[in-house]
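Next comes final_0.tsv, with TSV, C-alpha atoms.
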chain	number	residue	atom	x	y	z
K	182	MET	CA	0.00	0.00	0.00
K	183	ILE	CA	0.98	3.62	-0.52
K	184	ASP	CA	0.24	6.01	2.36
K	185	VAL	CA	-0.88	9.35	0.98
K	186	LEU	CA	-0.92	12.33	3.32
K	187	PHE	CA	-2.52	15.73	2.86
K	188	PHE	CA	-2.05	18.92	4.86
K	189	GLY	CA	-3.53	22.37	5.21
K	190	PRO	CA	-5.75	23.54	2.37
K	191	VAL	CA	-5.51	20.24	0.51
K	192	VAL	CA	-7.06	18.33	3.44
K	193	GLU	CA	-10.19	20.43	3.25
K	194	ARG	CA	-10.55	19.81	-0.49
K	195	VAL	CA	-9.92	16.06	-0.24
K	196	GLY	CA	-12.03	15.71	2.89
K	197	SER	CA	-9.38	13.55	4.57
K	198	ALA	CA	-5.82	13.90	5.85
K	199	ALA	CA	-4.73	10.41	4.80
K	200	LEU	CA	-5.59	7.79	2.20
K	201	LYS	CA	-4.25	4.36	1.37
K	202	VAL	CA	-3.77	3.49	-2.29
K	203	ALA	CA	-3.02	-0.01	-3.55
K	204	TYR	CA	0.56	-0.35	-4.74
K	205	GLN	CA	1.06	-1.52	-8.32
K	206	PRO	CA	4.50	-2.72	-9.43
K	207	GLY	CA	6.11	-0.12	-11.69
K	208	MET	CA	3.86	2.64	-10.37
K	209	SER	CA	5.32	6.15	-10.63
K	210	LEU	CA	4.57	9.30	-8.70
K	211	GLN	CA	2.88	10.62	-11.86
K	212	ASN	CA	0.62	7.54	-12.00
K	213	LEU	CA	-0.46	8.12	-8.41
K	214	ARG	CA	-1.01	11.82	-8.99
K	215	ASP	CA	-3.10	11.11	-12.10
K	216	GLN	CA	-5.21	8.59	-10.20
K	217	LEU	CA	-5.87	10.91	-7.27
K	218	SER	CA	-6.33	14.08	-9.31
K	219	ALA	CA	-9.09	12.32	-11.25
K	220	GLN	CA	-10.81	11.55	-7.93
K	221	TYR	CA	-10.15	14.93	-6.28
K	222	PRO	CA	-9.74	17.49	-9.08
K	223	HIS	CA	-10.64	20.43	-6.85
K	224	ALA	CA	-7.86	19.49	-4.42
K	225	PHE	CA	-5.26	18.99	-7.12
K	226	ASP	CA	-6.04	22.43	-8.56
K	227	ILE	CA	-3.89	23.82	-5.72
K	228	VAL	CA	-1.24	21.07	-5.50
K	229	CYS	CA	2.18	22.49	-6.35
K	230	PHE	CA	4.66	20.18	-4.62
K	231	SER	CA	5.11	16.47	-4.09
K	232	ALA	CA	7.19	14.59	-1.54
K	233	VAL	CA	8.08	10.93	-1.13
K	234	ASP	CA	9.12	9.71	2.31
K	235	GLY	CA	9.55	13.30	3.45
K	236	HIS	CA	11.72	14.52	0.59
K	237	HIS	CA	10.77	16.96	-2.17
K	238	VAL	CA	10.40	15.20	-5.53
K	239	ARG	CA	10.27	17.26	-8.70
K	240	ASP	CA	10.61	14.41	-11.20
K	241	LEU	CA	7.17	12.83	-11.23
K	242	SER	CA	8.45	9.87	-13.26
K	243	GLN	CA	10.13	8.62	-10.09
K	244	PRO	CA	9.06	5.03	-9.38
K	245	LEU	CA	7.36	4.40	-6.06
K	246	ALA	CA	8.21	1.59	-3.68
K	247	ASP	CA	5.60	-0.32	-1.76
K	248	ASN	CA	4.87	1.26	1.64
K	249	SER	CA	6.03	4.71	0.46
K	250	GLU	CA	4.66	7.80	2.16
K	251	VAL	CA	3.58	10.29	-0.48
K	252	THR	CA	2.38	13.84	0.03
K	253	PHE	CA	0.81	16.25	-2.43
K	254	MET	CA	1.06	19.80	-1.11
K	255	ALA	CA	-0.19	23.32	-1.79
K	256	LYS	CA	2.17	26.30	-1.79
K	257	PHE	CA	3.65	26.83	1.64
K	258	SER	CA	2.73	29.82	3.79
K	259	GLY	CA	4.71	29.41	6.99
K	260	GLY	CA	6.73	32.09	8.68
F	206	MET	CA	20.23	23.40	25.98
F	207	LYS	CA	17.37	23.42	23.48
F	208	GLU	CA	17.93	22.21	19.94
F	209	ALA	CA	18.94	24.90	17.43
F	210	VAL	CA	16.04	23.96	15.14
F	211	ARG	CA	12.63	23.29	16.62
F	212	ILE	CA	8.93	23.09	15.89
F	213	GLN	CA	6.85	23.69	18.99
F	214	SER	CA	3.44	24.92	20.10
F	215	ASP	CA	4.74	27.00	23.02
F	216	ASP	CA	6.10	30.51	22.69
F	217	PHE	CA	9.86	31.00	22.54
F	218	SER	CA	12.15	33.38	24.38
F	219	GLN	CA	14.23	35.56	22.11
F	220	ASP	CA	16.66	36.19	24.98
F	221	GLU	CA	17.18	32.45	25.51
F	222	GLU	CA	17.67	31.81	21.80
F	223	ILE	CA	20.20	34.65	21.45
F	224	ALA	CA	22.02	33.50	24.59
F	225	ALA	CA	22.24	29.98	23.16
F	226	LEU	CA	23.58	31.33	19.89
F	227	LYS	CA	26.20	33.44	21.66
F	228	ALA	CA	27.22	30.47	23.79
F	229	SER	CA	28.05	28.47	20.66
F	230	SER	CA	31.11	30.56	19.76
F	231	ARG	CA	33.06	33.45	21.27
F	232	ARG	CA	34.08	34.47	17.76
F	233	ILE	CA	30.58	35.77	16.97
F	234	GLY	CA	30.71	39.51	16.32
F	235	GLY	CA	27.28	40.03	14.82
F	236	ILE	CA	23.86	38.47	15.39
F	237	ALA	CA	20.86	39.20	13.18
F	238	THR	CA	17.40	38.04	14.16
F	239	PHE	CA	13.97	37.91	12.56
F	240	VAL	CA	10.74	37.45	14.48
F	241	GLY	CA	7.55	36.80	12.58
F	242	CYS	CA	4.42	37.63	14.55
F	243	ALA	CA	0.68	37.54	14.02
F	244	ARG	CA	-1.15	40.57	12.61
F	245	ASP	CA	-4.75	41.53	13.34
F	246	PHE	CA	-5.41	42.68	9.77
F	247	SER	CA	-4.66	41.09	6.41
F	248	GLU	CA	-5.92	41.42	2.84
F	249	GLY	CA	-8.40	44.10	3.89
F	250	ARG	CA	-10.06	42.22	6.72
F	251	ASP	CA	-9.74	41.79	10.47
F	252	VAL	CA	-7.98	38.63	11.60
F	253	SER	CA	-8.87	37.22	15.00
F	254	GLN	CA	-6.63	34.14	15.01
F	255	ILE	CA	-4.10	32.32	12.84
F	256	SER	CA	-3.78	28.56	12.95
F	257	PHE	CA	-0.99	26.47	11.46
F	258	ASP	CA	-0.73	23.04	9.93
F	259	ALA	CA	2.56	21.34	9.05
F	260	TYR	CA	3.99	18.15	7.66
F	261	GLY	CA	5.94	17.98	10.89
F	262	SER	CA	8.70	15.47	10.15
F	263	MET	CA	9.48	16.95	6.75
F	264	ALA	CA	9.24	20.53	8.03
F	265	LEU	CA	11.78	19.79	10.76
F	266	SER	CA	14.08	18.04	8.31
F	267	GLU	CA	13.87	20.96	5.86
F	268	MET	CA	14.51	23.49	8.62
F	269	ASN	CA	17.59	21.57	9.75
F	270	GLN	CA	18.89	21.46	6.18
F	271	LEU	CA	18.08	25.16	5.76
F	272	ARG	CA	20.19	25.97	8.83
F	273	LEU	CA	23.11	23.92	7.51
F	274	ASP	CA	22.80	25.52	4.06
F	275	ALA	CA	22.85	29.00	5.62
F	276	ILE	CA	25.89	28.18	7.76
F	277	GLN	CA	27.76	26.99	4.70
F	278	LYS	CA	26.57	29.70	2.28
F	279	TYR	CA	27.27	32.65	4.59
F	280	GLU	CA	30.08	31.10	6.69
F	281	LEU	CA	28.03	31.53	9.84
F	282	LEU	CA	29.30	30.44	13.21
F	283	ASP	CA	25.82	29.29	14.20
F	284	ALA	CA	22.13	29.73	13.38
F	285	ARG	CA	18.81	28.94	15.02
F	286	ILE	CA	15.29	28.48	13.64
F	287	VAL	CA	12.14	28.01	15.76
F	288	HIS	CA	8.61	27.83	14.32
F	289	ARG	CA	5.44	27.54	16.33
F	290	ILE	CA	2.63	25.25	15.13
F	291	CYS	CA	-0.51	26.15	17.05
F	292	THR	CA	-3.21	28.80	17.02
F	293	VAL	CA	-2.06	32.36	17.73
F	294	THR	CA	-3.69	35.75	18.15
F	295	ALA	CA	-2.49	39.21	17.14
F	296	GLY	CA	0.91	40.04	18.55
F	297	ASP	CA	1.87	36.45	19.28
F	298	ASN	CA	5.20	35.15	18.06
F	299	ILE	CA	5.23	32.72	15.13
F	300	VAL	CA	8.79	32.21	13.97
F	301	PHE	CA	12.29	33.08	15.20
F	302	ILE	CA	15.42	33.07	13.10
F	303	ALA	CA	18.90	34.04	14.20
F	304	ALA	CA	22.21	34.10	12.39
F	305	GLY	CA	25.55	34.54	14.13
F	306	ALA	CA	28.66	35.47	12.17
F	307	GLU	CA	32.00	37.17	12.68
F	308	HIS	CA	30.65	40.34	11.03
F	309	ARG	CA	27.27	42.01	10.51
F	310	VAL	CA	26.90	41.68	6.74
F	311	ALA	CA	26.95	37.89	6.73
F	312	ALA	CA	24.58	37.75	9.72
F	313	LEU	CA	22.07	40.16	8.17
F	314	ASP	CA	22.18	38.57	4.72
F	315	ALA	CA	21.85	35.06	6.14
F	316	CYS	CA	18.91	35.99	8.35
F	317	ARG	CA	17.02	37.46	5.39
F	318	TRP	CA	17.89	34.45	3.24
F	319	MET	CA	16.72	31.94	5.85
F	320	ILE	CA	13.24	33.44	6.29
F	321	ASP	CA	12.81	33.77	2.53
F	322	GLU	CA	13.90	30.16	1.99
F	323	LEU	CA	11.77	28.90	4.87
F	324	LYS	CA	8.70	30.26	3.12
F	325	LEU	CA	9.66	28.43	-0.08
F	326	ARG	CA	10.94	25.11	1.30
F	327	VAL	CA	9.27	24.26	4.56
F	328	PRO	CA	5.85	22.55	4.45
F	329	ILE	CA	3.87	24.75	6.81
F	330	TRP	CA	0.52	26.36	6.05
F	331	LYS	CA	-1.33	29.13	7.85
F	332	LYS	CA	-5.05	29.75	8.03
F	333	GLU	CA	-6.50	33.12	8.98
F	334	ILE	CA	-9.63	33.05	11.10
F	335	THR	CA	-11.74	36.17	10.62
F	336	PRO	CA	-15.16	37.27	11.88
F	337	ASP	CA	-16.50	36.28	8.45
F	338	GLY	CA	-14.92	32.84	8.24
F	339	GLU	CA	-11.62	31.06	7.70
F	340	ALA	CA	-9.23	31.11	4.75
F	341	TRP	CA	-5.89	29.47	4.01
F	342	VAL	CA	-3.26	32.08	3.29
F	343	SER	CA	-1.67	32.47	-0.12
F	344	PRO	CA	2.08	32.91	0.12
F	345	HIS	CA	3.16	36.52	0.58
F	346	PRO	CA	6.18	37.86	-1.31

Could you write out this structure as structure tokens?
Amino acid sequence: MIDVLFFGPVVERVGSAALKVAYQPGMSLQNLRDQLSAQYPHAFDIVCFSAVDGHHVRDLSQPLADNSEVTFMAKFSGG
Amino acid sequence: MKEAVRIQSDDFSQDEEIAALKASSRRIGGIATFVGCARDFSEGRDVSQISFDAYGSMALSEMNQLRLDAIQKYELLDARIVHRICTVTAGDNIVFIAAGAEHRVAALDACRWMIDELKLRVPIWKKEITPDGEAWVSPHP
């Protein structure tokens, strides 16, 4: 399984802070994003950043491992 | 002594943070600090509270890396970053950044760079609570 986490404004648009998505061998970050953005288009309208296991990932072709923790995030506004 | 990089709900003491920075090296000749605090007005409306959400583990990791990057980039002797994750009201402290260097220019430049980078790199989001409702904040320049 892939653990998907959401924070801040994305949580409100998804309606949940965490989801589990079945892992498929060969699955990329782009595949996961496509799958979830089809389900939650309003949330993904504001998604700007992705992270895998707590690290920024800019190349969405990156393959995912089973049990990865993936986050799709809106622009940050801390400070 | 408290860690140089922290996420916490409680307020911080600027005096304690500066004392900790000074204690790290007797070669420090200049310390620059930035304190971000809550305003009661934003985007043309009153703000009664600000609440924060964060991807805590990643935020802490990014803040630690940010500190190390600043130390290397500006040849700092030490630096500290503290961010509160909680609900605050006008006047409350939100974030503290300090840079200690041999001379003022490096300290001032590094302090400015760290708060600018924090806003770009660290997964923290703020929500303004107003008399008319709540709204997540778009990043400010």

Restrict the distance test to only C-alpha atoms, flag each residue of chain F within 6 Å of chain K, and return the flagged residues as a PyMOL selection string. chain F and resi 258+263+300+324+328-331+344

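Going from atom CA of Pro244 of chain K to atom CA of Ser231 of chain K covers 13.2 Å.
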
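Nearest residue to Val185 of chain K among K:Ile227, K:Met208, K:Gln243, K:Leu217 is K:Leu217, counting all atoms listed in the file.
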
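One distance worth recording is that between atom CA of Gln277 of chain F and atom CA of Gly234 of chain F, which is 17.3 Å.
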
Once you count only C-alpha atoms, which residues end up no further than 7 Å from (17.2, 31.3, 17.1) in the file's frame, shown as a PyMOL selection string? chain F and resi 209+222-223+226+284-287+301-303

Ala237 of chain F: which residues within 10 Å, counting all atoms listed in the file, same-chain residues fewer than 3 positions away excluded, as a PyMOL selection string? chain F and resi 223+284+302-306+309-317

Using the block above, I'd like segment 214-254 of chain K written out, keeping N, CA and C atoms and formatting it as a compact mmCIF listing (two decimals), in the first residue's frame.
# COMPACT_ATOMS: atom_id res chain seq x y z
N ARG K 214 -0.41 10.47 -8.90
CA ARG K 214 -1.01 11.82 -8.99
C ARG K 214 -2.18 11.82 -9.97
N ASP K 215 -2.02 11.16 -11.11
CA ASP K 215 -3.10 11.11 -12.10
C ASP K 215 -4.34 10.44 -11.52
N GLN K 216 -4.10 9.35 -10.79
CA GLN K 216 -5.21 8.59 -10.20
C GLN K 216 -5.97 9.45 -9.19
N LEU K 217 -5.22 10.13 -8.32
CA LEU K 217 -5.87 10.91 -7.27
C LEU K 217 -6.46 12.21 -7.80
N SER K 218 -5.80 12.81 -8.79
CA SER K 218 -6.33 14.08 -9.31
C SER K 218 -7.63 13.85 -10.07
N ALA K 219 -7.81 12.64 -10.60
CA ALA K 219 -9.09 12.32 -11.25
C ALA K 219 -10.20 12.19 -10.20
N GLN K 220 -9.82 11.72 -9.02
CA GLN K 220 -10.81 11.55 -7.93
C GLN K 220 -11.08 12.86 -7.20
N TYR K 221 -10.04 13.69 -7.08
CA TYR K 221 -10.15 14.93 -6.28
C TYR K 221 -9.63 16.12 -7.09
N PRO K 222 -10.28 16.42 -8.22
CA PRO K 222 -9.74 17.49 -9.08
C PRO K 222 -9.67 18.85 -8.39
N HIS K 223 -10.63 19.14 -7.54
CA HIS K 223 -10.64 20.43 -6.85
C HIS K 223 -9.42 20.56 -5.94
N ALA K 224 -9.04 19.47 -5.29
CA ALA K 224 -7.86 19.49 -4.42
C ALA K 224 -6.58 19.66 -5.23
N PHE K 225 -6.51 18.95 -6.34
CA PHE K 225 -5.26 18.99 -7.12
C PHE K 225 -5.12 20.28 -7.93
N ASP K 226 -6.18 21.09 -7.98
CA ASP K 226 -6.04 22.43 -8.56
C ASP K 226 -5.00 23.26 -7.82
N ILE K 227 -4.82 22.99 -6.51
CA ILE K 227 -3.89 23.82 -5.72
C ILE K 227 -2.61 23.06 -5.35
N VAL K 228 -2.46 21.83 -5.82
CA VAL K 228 -1.24 21.07 -5.50
C VAL K 228 -0.08 21.58 -6.34
N CYS K 229 1.00 21.96 -5.67
CA CYS K 229 2.18 22.49 -6.35
C CYS K 229 3.44 21.65 -6.11
N PHE K 230 3.46 20.93 -4.99
CA PHE K 230 4.66 20.18 -4.62
C PHE K 230 4.29 18.75 -4.26
N SER K 231 5.27 17.87 -4.48
CA SER K 231 5.11 16.47 -4.09
C SER K 231 6.32 16.07 -3.25
N ALA K 232 6.08 15.14 -2.34
CA ALA K 232 7.19 14.59 -1.54
C ALA K 232 6.99 13.09 -1.39
N VAL K 233 8.10 12.38 -1.37
CA VAL K 233 8.08 10.93 -1.13
C VAL K 233 8.98 10.67 0.07
N ASP K 234 8.41 10.03 1.06
CA ASP K 234 9.12 9.71 2.31
C ASP K 234 9.80 10.96 2.89
N GLY K 235 9.09 12.08 2.81
CA GLY K 235 9.55 13.30 3.45
C GLY K 235 10.56 14.11 2.68
N HIS K 236 10.77 13.77 1.41
CA HIS K 236 11.72 14.52 0.59
C HIS K 236 11.03 15.08 -0.65
N HIS K 237 11.33 16.36 -0.96
CA HIS K 237 10.77 16.96 -2.17
C HIS K 237 11.12 16.10 -3.37
N VAL K 238 10.15 15.90 -4.27
CA VAL K 238 10.40 15.20 -5.53
C VAL K 238 9.85 16.05 -6.67
N ARG K 239 10.72 16.43 -7.58
CA ARG K 239 10.27 17.26 -8.70
C ARG K 239 10.07 16.44 -9.97
N ASP K 240 10.73 15.29 -10.04
CA ASP K 240 10.61 14.41 -11.20
C ASP K 240 9.48 13.41 -10.93
N LEU K 241 8.34 13.68 -11.53
CA LEU K 241 7.17 12.83 -11.23
C LEU K 241 7.27 11.45 -11.86
N SER K 242 8.28 11.22 -12.71
CA SER K 242 8.45 9.87 -13.26
C SER K 242 9.11 8.93 -12.25
N GLN K 243 9.46 9.46 -11.10
CA GLN K 243 10.13 8.62 -10.09
C GLN K 243 9.26 7.42 -9.72
N PRO K 244 9.83 6.21 -9.79
CA PRO K 244 9.06 5.03 -9.38
C PRO K 244 8.81 5.06 -7.88
N LEU K 245 7.69 4.49 -7.48
CA LEU K 245 7.36 4.40 -6.06
C LEU K 245 7.62 2.99 -5.56
N ALA K 246 8.06 2.90 -4.32
CA ALA K 246 8.21 1.59 -3.68
C ALA K 246 6.96 1.31 -2.85
N ASP K 247 6.71 0.03 -2.63
CA ASP K 247 5.60 -0.32 -1.76
C ASP K 247 5.86 0.26 -0.37
N ASN K 248 4.81 0.67 0.29
CA ASN K 248 4.87 1.26 1.64
C ASN K 248 5.48 2.67 1.65
N SER K 249 5.56 3.31 0.49
CA SER K 249 6.03 4.71 0.46
C SER K 249 5.01 5.61 1.13
N GLU K 250 5.53 6.74 1.63
CA GLU K 250 4.66 7.80 2.16
C GLU K 250 4.73 8.97 1.19
N VAL K 251 3.61 9.26 0.57
CA VAL K 251 3.58 10.29 -0.48
C VAL K 251 2.70 11.44 -0.03
N THR K 252 3.15 12.65 -0.34
CA THR K 252 2.38 13.84 0.03
C THR K 252 2.25 14.75 -1.18
N PHE K 253 1.05 15.25 -1.40
CA PHE K 253 0.81 16.25 -2.43
C PHE K 253 0.41 17.54 -1.72
N MET K 254 1.17 18.61 -1.96
CA MET K 254 1.06 19.80 -1.11
C MET K 254 0.77 21.07 -1.89
